[in-house]
Structure formats: structure tokens, C-alpha cells
file coords.txt (compact mmCIF, C-alpha atoms)
# COMPACT_ATOMS: atom_id res chain seq x y z
CA MET A 1 -11.53 23.38 -31.66
CA LYS A 2 -12.89 23.31 -28.11
CA LYS A 3 -11.49 20.85 -25.57
CA LEU A 4 -13.03 19.53 -22.37
CA VAL A 5 -10.70 17.56 -20.10
CA LEU A 6 -12.26 15.24 -17.52
CA ILE A 7 -10.09 13.72 -14.79
CA ARG A 8 -11.13 11.36 -12.03
CA HIS A 9 -9.26 12.26 -8.83
CA GLY A 10 -6.08 10.38 -7.95
CA GLU A 11 -6.16 7.21 -5.86
CA SER A 12 -7.83 7.87 -2.50
CA LEU A 13 -7.28 6.12 0.82
CA TRP A 14 -10.49 4.16 0.38
CA ASN A 15 -9.69 3.36 -3.26
CA LYS A 16 -6.55 1.70 -1.89
CA GLU A 17 -8.55 -0.15 0.77
CA ASN A 18 -11.20 -1.08 -1.87
CA ARG A 19 -14.04 0.56 0.05
CA PHE A 20 -17.20 2.23 -1.21
CA THR A 21 -16.57 5.94 -0.71
CA GLY A 22 -19.35 8.06 -2.18
CA TRP A 23 -19.75 11.34 -0.29
CA THR A 24 -17.36 10.29 2.49
CA ASP A 25 -14.55 12.86 2.46
CA VAL A 26 -11.33 10.82 2.31
CA ASP A 27 -7.98 12.13 1.11
CA LEU A 28 -5.47 11.00 -1.52
CA THR A 29 -2.77 8.37 -1.04
CA PRO A 30 0.84 9.21 -2.01
CA ARG A 31 0.15 7.29 -5.22
CA GLY A 32 -2.92 9.45 -5.81
CA ILE A 33 -0.84 12.59 -5.46
CA GLU A 34 1.68 11.19 -7.93
CA GLU A 35 -1.12 10.40 -10.39
CA ALA A 36 -2.20 14.04 -10.14
CA HIS A 37 1.37 15.20 -10.82
CA GLU A 38 1.57 12.94 -13.87
CA ALA A 39 -1.71 14.35 -15.21
CA GLY A 40 -0.58 17.94 -14.68
CA LYS A 41 2.75 17.40 -16.37
CA LYS A 42 1.11 15.64 -19.33
CA LEU A 43 -1.41 18.44 -19.85
CA LYS A 44 1.32 21.08 -19.60
CA GLU A 45 3.49 19.23 -22.14
CA LEU A 46 0.54 19.16 -24.54
CA GLY A 47 0.09 22.90 -24.22
CA PHE A 48 -3.29 23.11 -22.51
CA GLN A 49 -4.12 26.61 -21.25
CA PHE A 50 -7.22 26.35 -19.09
CA ARG A 51 -8.90 29.57 -17.97
CA VAL A 52 -11.42 27.97 -15.62
CA ALA A 53 -11.73 24.69 -13.72
CA TYR A 54 -14.49 22.81 -11.95
CA THR A 55 -14.48 20.25 -9.16
CA SER A 56 -16.62 18.77 -6.40
CA VAL A 57 -16.64 19.74 -2.71
CA LEU A 58 -14.75 16.57 -1.73
CA LYS A 59 -11.08 16.88 -0.84
CA ARG A 60 -9.79 14.01 -3.01
CA ALA A 61 -10.98 15.87 -6.11
CA ILE A 62 -10.01 19.33 -4.82
CA ARG A 63 -6.48 18.22 -3.90
CA THR A 64 -6.03 16.51 -7.26
CA LEU A 65 -7.00 19.74 -8.99
CA TRP A 66 -4.62 21.76 -6.80
CA VAL A 67 -1.68 19.54 -7.78
CA ILE A 68 -2.57 19.66 -11.48
CA LEU A 69 -2.95 23.45 -11.56
CA ASP A 70 0.26 23.91 -9.58
CA ASP A 71 2.22 21.78 -12.04
CA MET A 72 0.68 23.74 -14.92
CA ASP A 73 1.42 27.16 -13.32
CA LEU A 74 -2.32 27.81 -13.39
CA MET A 75 -3.21 28.12 -9.72
CA TRP A 76 -4.46 31.65 -10.43
CA ILE A 77 -7.40 30.64 -12.63
CA PRO A 78 -10.97 30.60 -11.22
CA VAL A 79 -12.01 27.29 -9.63
CA HIS A 80 -15.69 26.49 -9.09
CA ARG A 81 -16.58 23.83 -6.52
CA THR A 82 -20.02 22.25 -6.50
CA TRP A 83 -21.79 19.36 -4.78
CA ARG A 84 -23.33 18.60 -8.16
CA LEU A 85 -19.99 17.05 -9.22
CA ASN A 86 -19.74 14.88 -6.09
CA GLU A 87 -19.41 11.12 -6.43
CA LYS A 88 -22.58 9.05 -6.45
CA HIS A 89 -23.85 8.60 -2.89
CA TYR A 90 -23.50 4.92 -1.99
CA GLY A 91 -25.88 4.97 0.98
CA MET A 92 -25.31 2.22 3.56
CA LEU A 93 -22.48 0.77 1.42
CA GLN A 94 -20.18 3.70 2.21
CA GLY A 95 -17.15 2.46 4.14
CA LEU A 96 -17.72 -1.21 3.33
CA ASN A 97 -15.09 -3.31 1.57
CA LYS A 98 -16.25 -4.14 -1.96
CA VAL A 99 -15.01 -7.74 -2.04
CA GLU A 100 -16.48 -8.52 1.39
CA THR A 101 -19.78 -7.00 0.26
CA ALA A 102 -19.76 -9.16 -2.88
CA GLU A 103 -19.09 -12.25 -0.78
CA LYS A 104 -22.13 -11.40 1.34
CA TYR A 105 -24.61 -10.28 -1.33
CA GLY A 106 -23.17 -11.78 -4.53
CA ASP A 107 -21.33 -10.33 -7.52
CA GLU A 108 -24.49 -9.57 -9.49
CA GLN A 109 -26.18 -7.55 -6.74
CA VAL A 110 -23.05 -5.54 -5.97
CA PHE A 111 -22.51 -4.89 -9.68
CA LEU A 112 -26.01 -3.42 -9.86
CA TRP A 113 -25.39 -1.23 -6.81
CA ARG A 114 -22.09 -0.03 -8.25
CA ARG A 115 -22.85 0.33 -11.94
CA SER A 116 -26.57 0.15 -12.75
CA TYR A 117 -28.36 3.17 -14.11
CA ASP A 118 -31.38 3.26 -11.81
CA ILE A 119 -30.91 0.87 -8.86
CA PRO A 120 -29.56 2.67 -5.76
CA PRO A 121 -28.06 0.97 -2.69
CA THR A 122 -30.01 1.00 0.58
CA ALA A 123 -30.25 4.58 1.84
CA LEU A 124 -28.62 5.92 4.98
CA ASP A 125 -31.11 6.53 7.75
CA GLU A 126 -31.70 10.26 8.20
CA ASN A 127 -30.63 9.92 11.84
CA ASP A 128 -27.32 8.35 10.83
CA PRO A 129 -24.51 10.81 11.69
CA ARG A 130 -22.94 9.99 8.31
CA HIS A 131 -25.95 11.48 6.51
CA PRO A 132 -24.85 14.55 4.50
CA LYS A 133 -27.60 16.71 6.01
CA TYR A 134 -25.34 17.03 9.06
CA ASP A 135 -22.37 18.24 6.97
CA PRO A 136 -21.97 22.06 6.95
CA ARG A 137 -20.93 22.12 3.30
CA TYR A 138 -24.50 21.12 2.35
CA LYS A 139 -26.34 23.43 4.77
CA ASP A 140 -27.71 25.65 2.00
CA LEU A 141 -29.21 22.80 -0.04
CA LYS A 142 -32.91 22.04 -0.04
CA PRO A 143 -33.82 18.86 1.90
CA GLU A 144 -34.84 17.12 -1.33
CA GLU A 145 -31.39 17.85 -2.81
CA ILE A 146 -29.49 16.02 -0.06
CA PRO A 147 -29.35 12.29 -0.84
CA GLY A 148 -29.16 9.33 1.50
CA THR A 149 -28.34 7.16 -1.52
CA GLU A 150 -28.21 7.52 -5.30
CA ALA A 151 -28.27 5.55 -8.51
CA LEU A 152 -26.34 6.84 -11.52
CA LYS A 153 -29.64 8.24 -12.81
CA ASN A 154 -29.88 10.51 -9.75
CA THR A 155 -26.25 11.56 -10.10
CA ILE A 156 -26.84 12.59 -13.71
CA GLU A 157 -30.03 14.47 -12.81
CA ARG A 158 -28.22 16.69 -10.30
CA MET A 159 -25.11 17.05 -12.50
CA LEU A 160 -26.88 17.91 -15.76
CA PRO A 161 -28.11 21.44 -14.81
CA PHE A 162 -24.55 22.37 -13.85
CA TRP A 163 -23.24 21.05 -17.17
CA GLU A 164 -25.84 22.97 -19.16
CA ASN A 165 -25.73 26.23 -17.17
CA GLU A 166 -22.06 26.45 -16.16
CA ILE A 167 -19.57 24.10 -17.82
CA ARG A 168 -20.92 24.10 -21.37
CA PRO A 169 -21.13 27.93 -21.59
CA ALA A 170 -17.61 28.17 -20.14
CA LEU A 171 -16.33 25.78 -22.80
CA ILE A 172 -17.93 27.89 -25.53
CA LYS A 173 -16.33 31.02 -24.06
CA HIS A 174 -12.86 29.77 -23.10
CA ASN A 175 -12.30 26.86 -25.56
CA GLU A 176 -10.50 24.75 -22.92
CA VAL A 177 -12.09 23.66 -19.62
CA LEU A 178 -10.84 21.28 -16.92
CA VAL A 179 -13.17 19.20 -14.72
CA VAL A 180 -11.75 17.10 -11.88
CA ALA A 181 -14.39 14.96 -10.20
CA HIS A 182 -15.31 11.33 -9.52
CA GLY A 183 -15.90 8.05 -11.30
CA ASN A 184 -19.69 8.21 -11.36
CA SER A 185 -20.23 11.94 -11.75
CA LEU A 186 -17.86 11.81 -14.72
CA ARG A 187 -19.62 8.70 -16.07
CA GLY A 188 -22.71 10.87 -16.07
CA VAL A 189 -20.99 13.56 -18.11
CA VAL A 190 -19.63 10.98 -20.56
CA LYS A 191 -23.05 9.33 -20.92
CA VAL A 192 -24.58 12.66 -21.91
CA LEU A 193 -21.76 13.74 -24.24
CA LYS A 194 -21.58 10.42 -26.09
CA ASN A 195 -25.27 9.54 -25.84
CA ILE A 196 -24.46 6.16 -24.27
CA SER A 197 -27.42 3.91 -23.49
CA ASP A 198 -28.53 3.12 -19.93
CA GLN A 199 -27.31 -0.45 -20.44
CA ASP A 200 -23.93 0.29 -22.04
CA ILE A 201 -22.96 2.80 -19.35
CA LEU A 202 -22.78 -0.13 -16.90
CA GLU A 203 -19.51 -1.19 -18.53
CA MET A 204 -17.90 2.27 -18.45
CA ASN A 205 -14.89 2.43 -16.11
CA ILE A 206 -12.86 5.61 -15.62
CA PRO A 207 -9.37 5.15 -14.12
CA THR A 208 -7.99 7.52 -11.50
CA GLY A 209 -5.72 10.33 -12.66
CA ILE A 210 -5.91 9.77 -16.44
CA PRO A 211 -6.98 12.84 -18.47
CA TYR A 212 -9.95 12.12 -20.73
CA VAL A 213 -10.07 14.69 -23.55
CA PHE A 214 -13.19 15.59 -25.54
CA GLU A 215 -12.85 17.74 -28.66
CA PHE A 216 -15.77 19.73 -30.10
CA ASP A 217 -16.15 21.80 -33.25
CA GLU A 218 -17.32 25.43 -33.16
CA ASN A 219 -20.94 24.26 -33.09
CA MET A 220 -20.26 22.07 -30.04
CA ASN A 221 -20.55 18.82 -31.97
CA LEU A 222 -18.37 16.11 -30.48
CA VAL A 223 -15.53 15.31 -32.89
CA LYS A 224 -13.18 13.10 -30.88
CA ASP A 225 -12.61 11.68 -27.39
CA GLU A 226 -9.58 9.89 -26.00
CA PHE A 227 -7.80 9.02 -22.76
CA LEU A 228 -4.23 10.30 -22.57
CA ALA A 229 -2.75 6.85 -21.91
CA ASP A 230 -1.45 4.03 -24.06
CA PRO A 231 -4.13 1.41 -24.85
CA GLU A 232 -2.47 -1.43 -22.96
CA THR A 233 -2.09 0.57 -19.74
CA LEU A 234 -5.62 1.93 -20.07
CA LYS A 235 -7.10 -1.55 -20.49
CA LYS A 236 -5.27 -2.85 -17.40
CA LEU A 237 -6.55 0.07 -15.31
CA MET A 238 -10.12 -0.35 -16.54
CA ASP A 239 -10.05 -4.13 -15.97
CA ALA A 240 -8.79 -3.57 -12.42
CA ILE A 241 -11.73 -1.25 -11.69
CA ALA A 242 -14.20 -3.77 -13.10
CA ALA A 243 -12.79 -6.49 -10.83
CA GLN A 244 -12.85 -4.45 -7.60
CA ALA A 245 -16.14 -5.84 -6.32
CA LYS A 246 -15.90 -9.47 -7.43
CA LYS A 247 -15.67 -12.35 -5.00
CA LYS A 248 -12.21 -13.89 -4.72
call {"tool": "encode", "arguments": {"input": "coords.txt", "output": "C-alpha cells"}}
result
Amino acid sequence: MKKLVLIRHGESLWNKENRFTGWTDVDLTPRGIEEAHEAGKKLKELGFQFRVAYTSVLKRAIRTLWVILDDMDLMWIPVHRTWRLNEKHYGMLQGLNKVETAEKYGDEQVFLWRRSYDIPPTALDENDPRHPKYDPRYKDLKPEEIPGTEALKNTIERMLPFWENEIRPALIKHNEVLVVAHGNSLRGVVKVLKNISDQDILEMNIPTGIPYVFEFDENMNLVKDEFLADPETLKKLMDAIAAQAKKK
């Protein structure tokens, strides 16, 4: 049996402040660090023995992975960082409070910006200093690879080659692989693995810090998937995410 473990980073500073984050590089809160510890301890108790891990180039995901690997005594394994696992770029929404944005534009519009498959928020102007083309970590990317905004569709399109060429072969080779990334980049992975429709993926919410385990047979057919949390707790966490951008 082959096992892929997906984990959304622990609570970030802007998660706590209920802001759109995207490619903005904010760090974890103390609660986020604790969520990472809980994930690491749970995976160690269950006997996971990863031999490779993947994450984005954003510190909230990187730090979550550090904590998990430290708690599992696995800090020595290879870690691959890639922009292709970054969060969806939220364009001009980045930094804005989600509730305040919903009060201004309406729940339906903000829901589409947050969760729709192919409707991106308004793009950052290329002269905006927040545009990722000014960030040295993206200096080697082609201009067309550096987004000023993204829909989930775009996030999946830039994630999918990395899944096919890097993560999937590693899973076949090593049997257990860990990926620590972001809500939307992981929604993209889940959509592909479970063949979820463009419409149904709108309702998919991934809580911070909860390991999501996918089991495959030797032919890489998906056999089982489950979050490592009790159903009641999981539902509360998912409902809280769904309500983040609704008017009060």
C-alpha cells in the first residue's frame, strides 16, 4: 500500500486576522506551530516513515514541515520546495479582510473569488511592489509563469506537472510521501486524485494542520482517503472555513 499525506500549513498570522493571503509570505501563529506539532506527533504514532517531502516556497508551509519532521525525527530526509505548490494568488484581494470584503462586494462574489474553479480576483498591477515578479525567489521563472492573480484552474495547471513528474514517481518509489502546502494548491491535488467536478470542488474545505491520508494500491489506484481527525472536530473546522468570508 502506498500512502500520500497532504497537510495544509498551520494557522498563519493572516489566517488569524481572516485576511486573504495568497503568495504573501506570512508566518505561523503560536497556534499554527502547535497544530504542526500535533500533526507530527500523530504521524509518528501511526508509524509513518517518509523518505521525501515536498512543500511550497512560502514560510508558513516550510515552517510547518520543519516542525513535523523534527517531531518525527526525520529532519534528515530530502525536502523539495517549489512555487508550484504555492497558495492560489489572490491578486488585489491579498491583505484584505474577508468579512469586510464580503460586506463591500457581497457573499456570492467573494465566494466565487475564493472558491470558484475559473473566476480569478482582479489582478495586481505589474507595477505594484507586491507583484511576485519583484520577489527574488521567483527570479528564474518565465514572465508567463508569474501570476498577478489566479483561479483554482490556474493553480491546478501549474501544480499538475509537478505532481506527474515529481510527487507521483516519488510515491511509487518510496511508498510514503509527505506534502505540506496550502488550502488551494492541495484542493487542486485532491480534485485530481478524486476526480472531483469543477462545481463540487467549490465546497471542498481543508483545515489547517490536519493530515489528509490517501492510500493507493500497487497500481496507483486510489483505495481510501481520510482526514486524521474525529468527524465532529473535522466538521467544525470545515464549517469555520466556509464561514470566513460571509457578512456578519
call {"tool": "closest_atom_pairs", "arguments": {"input": "coords.txt", "of": "segment 102-183 of chain A", "to": "segment 38-45 of chain A", "cutoff": "12 Å", "atoms": "only C-alpha atoms", "output": "tab-separated table"}}
result
residue	atom	partner	partner_atom	distance
A:Glu176	CA	A:Leu43	CA	11.5
A:Val177	CA	A:Leu43	CA	11.9
A:Leu178	CA	A:Leu43	CA	10.3
A:Val180	CA	A:Ala39	CA	10.9
call {"tool": "residues_around", "arguments": {"input": "coords.txt", "residues": "Ala181 of chain A", "least_positions_apart": "3", "cutoff": "10 Å", "atoms": "only C-alpha atoms", "output": "number ranges by chain"}}
result
A: 6-10, 54-58, 60-62, 64-65, 81-82, 84-87, 178, 184-186, 208
call {"tool": "residues_around", "arguments": {"input": "coords.txt", "residues": "segment 98-102 of chain A", "least_positions_apart": "3", "cutoff": "10 Å", "atoms": "all atoms listed in the file", "output": "PyMOL selection string"}}
result
chain A and resi 17-20+93-95+105-111+114+243-248
call {"tool": "residues_around", "arguments": {"input": "coords.txt", "residues": "Pro30 of chain A", "least_positions_apart": "3", "cutoff": "9 Å", "atoms": "all atoms listed in the file", "output": "ChimeraX atom specification"}}
result
/A:11-12,33-35
call {"tool": "write_last_selection", "arguments": {"input": "coords.txt", "atoms": "C-alpha atoms", "output": "compact mmCIF listing (two decimals), in the coordinates of the input"}}
result
# COMPACT_ATOMS: atom_id res chain seq x y z
CA GLU A 11 -6.16 7.21 -5.86
CA SER A 12 -7.83 7.87 -2.50
CA ILE A 33 -0.84 12.59 -5.46
CA GLU A 34 1.68 11.19 -7.93
CA GLU A 35 -1.12 10.40 -10.39
call {"tool": "closest_residue", "arguments": {"input": "coords.txt", "among": "A:Lys16, A:His80, A:Arg31, A:His131", "to": "Ile167 of chain A", "atoms": "all atoms listed in the file"}}
result
A:His80
call {"tool": "atom_distance", "arguments": {"input": "coords.txt", "atom1": "atom CA of Asn175 of chain A", "atom2": "atom CA of Arg51 of chain A"}}
result
8.7 Å
call {"tool": "closest_residue", "arguments": {"input": "coords.txt", "among": "A:Lys2, A:His37, A:Lys194, A:Arg137", "to": "Trp23 of chain A", "atoms": "only C-alpha atoms"}}
result
A:Arg137
call {"tool": "closest_residue", "arguments": {"input": "coords.txt", "among": "A:Asp71, A:Glu150, A:Glu226, A:Glu103", "to": "Arg115 of chain A", "atoms": "only C-alpha atoms"}}
result
A:Glu150
call {"tool": "atom_distance", "arguments": {"input": "coords.txt", "atom1": "atom CA of Lys133 of chain A", "atom2": "atom CA of Ile146 of chain A"}}
result
6.4 Å
call {"tool": "closest_residue", "arguments": {"input": "coords.txt", "among": "A:Ile241, A:Glu164, A:Met204, A:Ile172", "to": "Phe216 of chain A", "atoms": "all atoms listed in the file"}}
result
A:Ile172
call {"tool": "closest_residue", "arguments": {"input": "coords.txt", "among": "A:Leu112, A:Thr21, A:Leu28, A:Tyr117", "to": "Gly91 of chain A", "atoms": "all atoms listed in the file"}}
result
A:Thr21
call {"tool": "closest_residue", "arguments": {"input": "coords.txt", "among": "A:Ile206, A:Met92, A:Leu4, A:Ile196", "to": "Asp128 of chain A", "atoms": "only C-alpha atoms"}}
result
A:Met92
call {"tool": "atom_distance", "arguments": {"input": "coords.txt", "atom1": "atom CA of Trp14 of chain A", "atom2": "atom CA of Asn205 of chain A"}}
result
17.2 Å
call {"tool": "decode", "arguments": {"input": "coords.txt", "residues": "segment 127-144 of chain A", "atoms": "N, CA, C and O atoms", "output": "PDB file, in the first residue's frame"}}
result
ATOM      1  N   ASN A 127       3.094  46.944 -11.853  1.00  0.00           N
ATOM      2  CA  ASN A 127       3.940  47.933 -11.190  1.00  0.00           C
ATOM      3  C   ASN A 127       3.745  47.941  -9.680  1.00  0.00           C
ATOM      4  O   ASN A 127       4.443  48.674  -8.975  1.00  0.00           O
ATOM      5  N   ASP A 128       2.809  47.150  -9.202  1.00  0.00           N
ATOM      6  CA  ASP A 128       2.565  47.054  -7.760  1.00  0.00           C
ATOM      7  C   ASP A 128       3.759  46.369  -7.100  1.00  0.00           C
ATOM      8  O   ASP A 128       4.158  45.285  -7.534  1.00  0.00           O
ATOM      9  N   PRO A 129       4.347  46.957  -6.077  1.00  0.00           N
ATOM     10  CA  PRO A 129       5.513  46.328  -5.426  1.00  0.00           C
ATOM     11  C   PRO A 129       5.209  44.969  -4.807  1.00  0.00           C
ATOM     12  O   PRO A 129       6.131  44.201  -4.516  1.00  0.00           O
ATOM     13  N   ARG A 130       3.924  44.649  -4.629  1.00  0.00           N
ATOM     14  CA  ARG A 130       3.555  43.333  -4.096  1.00  0.00           C
ATOM     15  C   ARG A 130       3.576  42.255  -5.171  1.00  0.00           C
ATOM     16  O   ARG A 130       3.436  41.073  -4.855  1.00  0.00           O
ATOM     17  N   HIS A 131       3.722  42.643  -6.429  1.00  0.00           N
ATOM     18  CA  HIS A 131       3.703  41.666  -7.519  1.00  0.00           C
ATOM     19  C   HIS A 131       4.883  40.708  -7.365  1.00  0.00           C
ATOM     20  O   HIS A 131       6.014  41.130  -7.091  1.00  0.00           O
ATOM     21  N   PRO A 132       4.652  39.397  -7.523  1.00  0.00           N
ATOM     22  CA  PRO A 132       5.731  38.429  -7.283  1.00  0.00           C
ATOM     23  C   PRO A 132       6.919  38.550  -8.240  1.00  0.00           C
ATOM     24  O   PRO A 132       7.985  37.993  -7.968  1.00  0.00           O
ATOM     25  N   LYS A 133       6.790  39.295  -9.325  1.00  0.00           N
ATOM     26  CA  LYS A 133       7.934  39.424 -10.231  1.00  0.00           C
ATOM     27  C   LYS A 133       9.081  40.185  -9.579  1.00  0.00           C
ATOM     28  O   LYS A 133      10.228  40.097 -10.042  1.00  0.00           O
ATOM     29  N   TYR A 134       8.788  40.896  -8.485  1.00  0.00           N
ATOM     30  CA  TYR A 134       9.832  41.615  -7.770  1.00  0.00           C
ATOM     31  C   TYR A 134      10.464  40.785  -6.660  1.00  0.00           C
ATOM     32  O   TYR A 134      11.398  41.233  -5.999  1.00  0.00           O
ATOM     33  N   ASP A 135       9.950  39.582  -6.430  1.00  0.00           N
ATOM     34  CA  ASP A 135      10.424  38.714  -5.347  1.00  0.00           C
ATOM     35  C   ASP A 135      11.562  37.834  -5.871  1.00  0.00           C
ATOM     36  O   ASP A 135      11.393  37.137  -6.863  1.00  0.00           O
ATOM     37  N   PRO A 136      12.732  37.850  -5.214  1.00  0.00           N
ATOM     38  CA  PRO A 136      13.883  37.093  -5.731  1.00  0.00           C
ATOM     39  C   PRO A 136      13.660  35.593  -5.817  1.00  0.00           C
ATOM     40  O   PRO A 136      14.331  34.921  -6.600  1.00  0.00           O
ATOM     41  N   ARG A 137      12.726  35.053  -5.057  1.00  0.00           N
ATOM     42  CA  ARG A 137      12.525  33.601  -5.117  1.00  0.00           C
ATOM     43  C   ARG A 137      11.894  33.163  -6.441  1.00  0.00           C
ATOM     44  O   ARG A 137      11.902  31.976  -6.766  1.00  0.00           O
ATOM     45  N   TYR A 138      11.358  34.131  -7.211  1.00  0.00           N
ATOM     46  CA  TYR A 138      10.736  33.797  -8.496  1.00  0.00           C
ATOM     47  C   TYR A 138      11.537  34.327  -9.692  1.00  0.00           C
ATOM     48  O   TYR A 138      11.039  34.347 -10.815  1.00  0.00           O
ATOM     49  N   LYS A 139      12.785  34.725  -9.451  1.00  0.00           N
ATOM     50  CA  LYS A 139      13.580  35.387 -10.488  1.00  0.00           C
ATOM     51  C   LYS A 139      13.881  34.480 -11.686  1.00  0.00           C
ATOM     52  O   LYS A 139      14.138  34.978 -12.784  1.00  0.00           O
ATOM     53  N   ASP A 140      13.872  33.175 -11.477  1.00  0.00           N
ATOM     54  CA  ASP A 140      14.191  32.260 -12.571  1.00  0.00           C
ATOM     55  C   ASP A 140      12.967  31.781 -13.347  1.00  0.00           C
ATOM     56  O   ASP A 140      13.101  30.999 -14.294  1.00  0.00           O
ATOM     57  N   LEU A 141      11.790  32.245 -12.967  1.00  0.00           N
ATOM     58  CA  LEU A 141      10.574  31.845 -13.679  1.00  0.00           C
ATOM     59  C   LEU A 141      10.402  32.673 -14.950  1.00  0.00           C
ATOM     60  O   LEU A 141      10.862  33.815 -15.037  1.00  0.00           O
ATOM     61  N   LYS A 142       9.726  32.097 -15.921  1.00  0.00           N
ATOM     62  CA  LYS A 142       9.382  32.826 -17.124  1.00  0.00           C
ATOM     63  C   LYS A 142       8.297  33.854 -16.779  1.00  0.00           C
ATOM     64  O   LYS A 142       7.481  33.622 -15.877  1.00  0.00           O
ATOM     65  N   PRO A 143       8.258  34.983 -17.470  1.00  0.00           N
ATOM     66  CA  PRO A 143       7.245  36.008 -17.164  1.00  0.00           C
ATOM     67  C   PRO A 143       5.824  35.455 -17.155  1.00  0.00           C
ATOM     68  O   PRO A 143       5.008  35.835 -16.301  1.00  0.00           O
ATOM     69  N   GLU A 144       5.526  34.537 -18.086  1.00  0.00           N
ATOM     70  CA  GLU A 144       4.167  33.990 -18.157  1.00  0.00           C
ATOM     71  C   GLU A 144       3.864  33.037 -16.999  1.00  0.00           C
ATOM     72  O   GLU A 144       2.703  32.654 -16.788  1.00  0.00           O
TER      73      GLU A 144
END
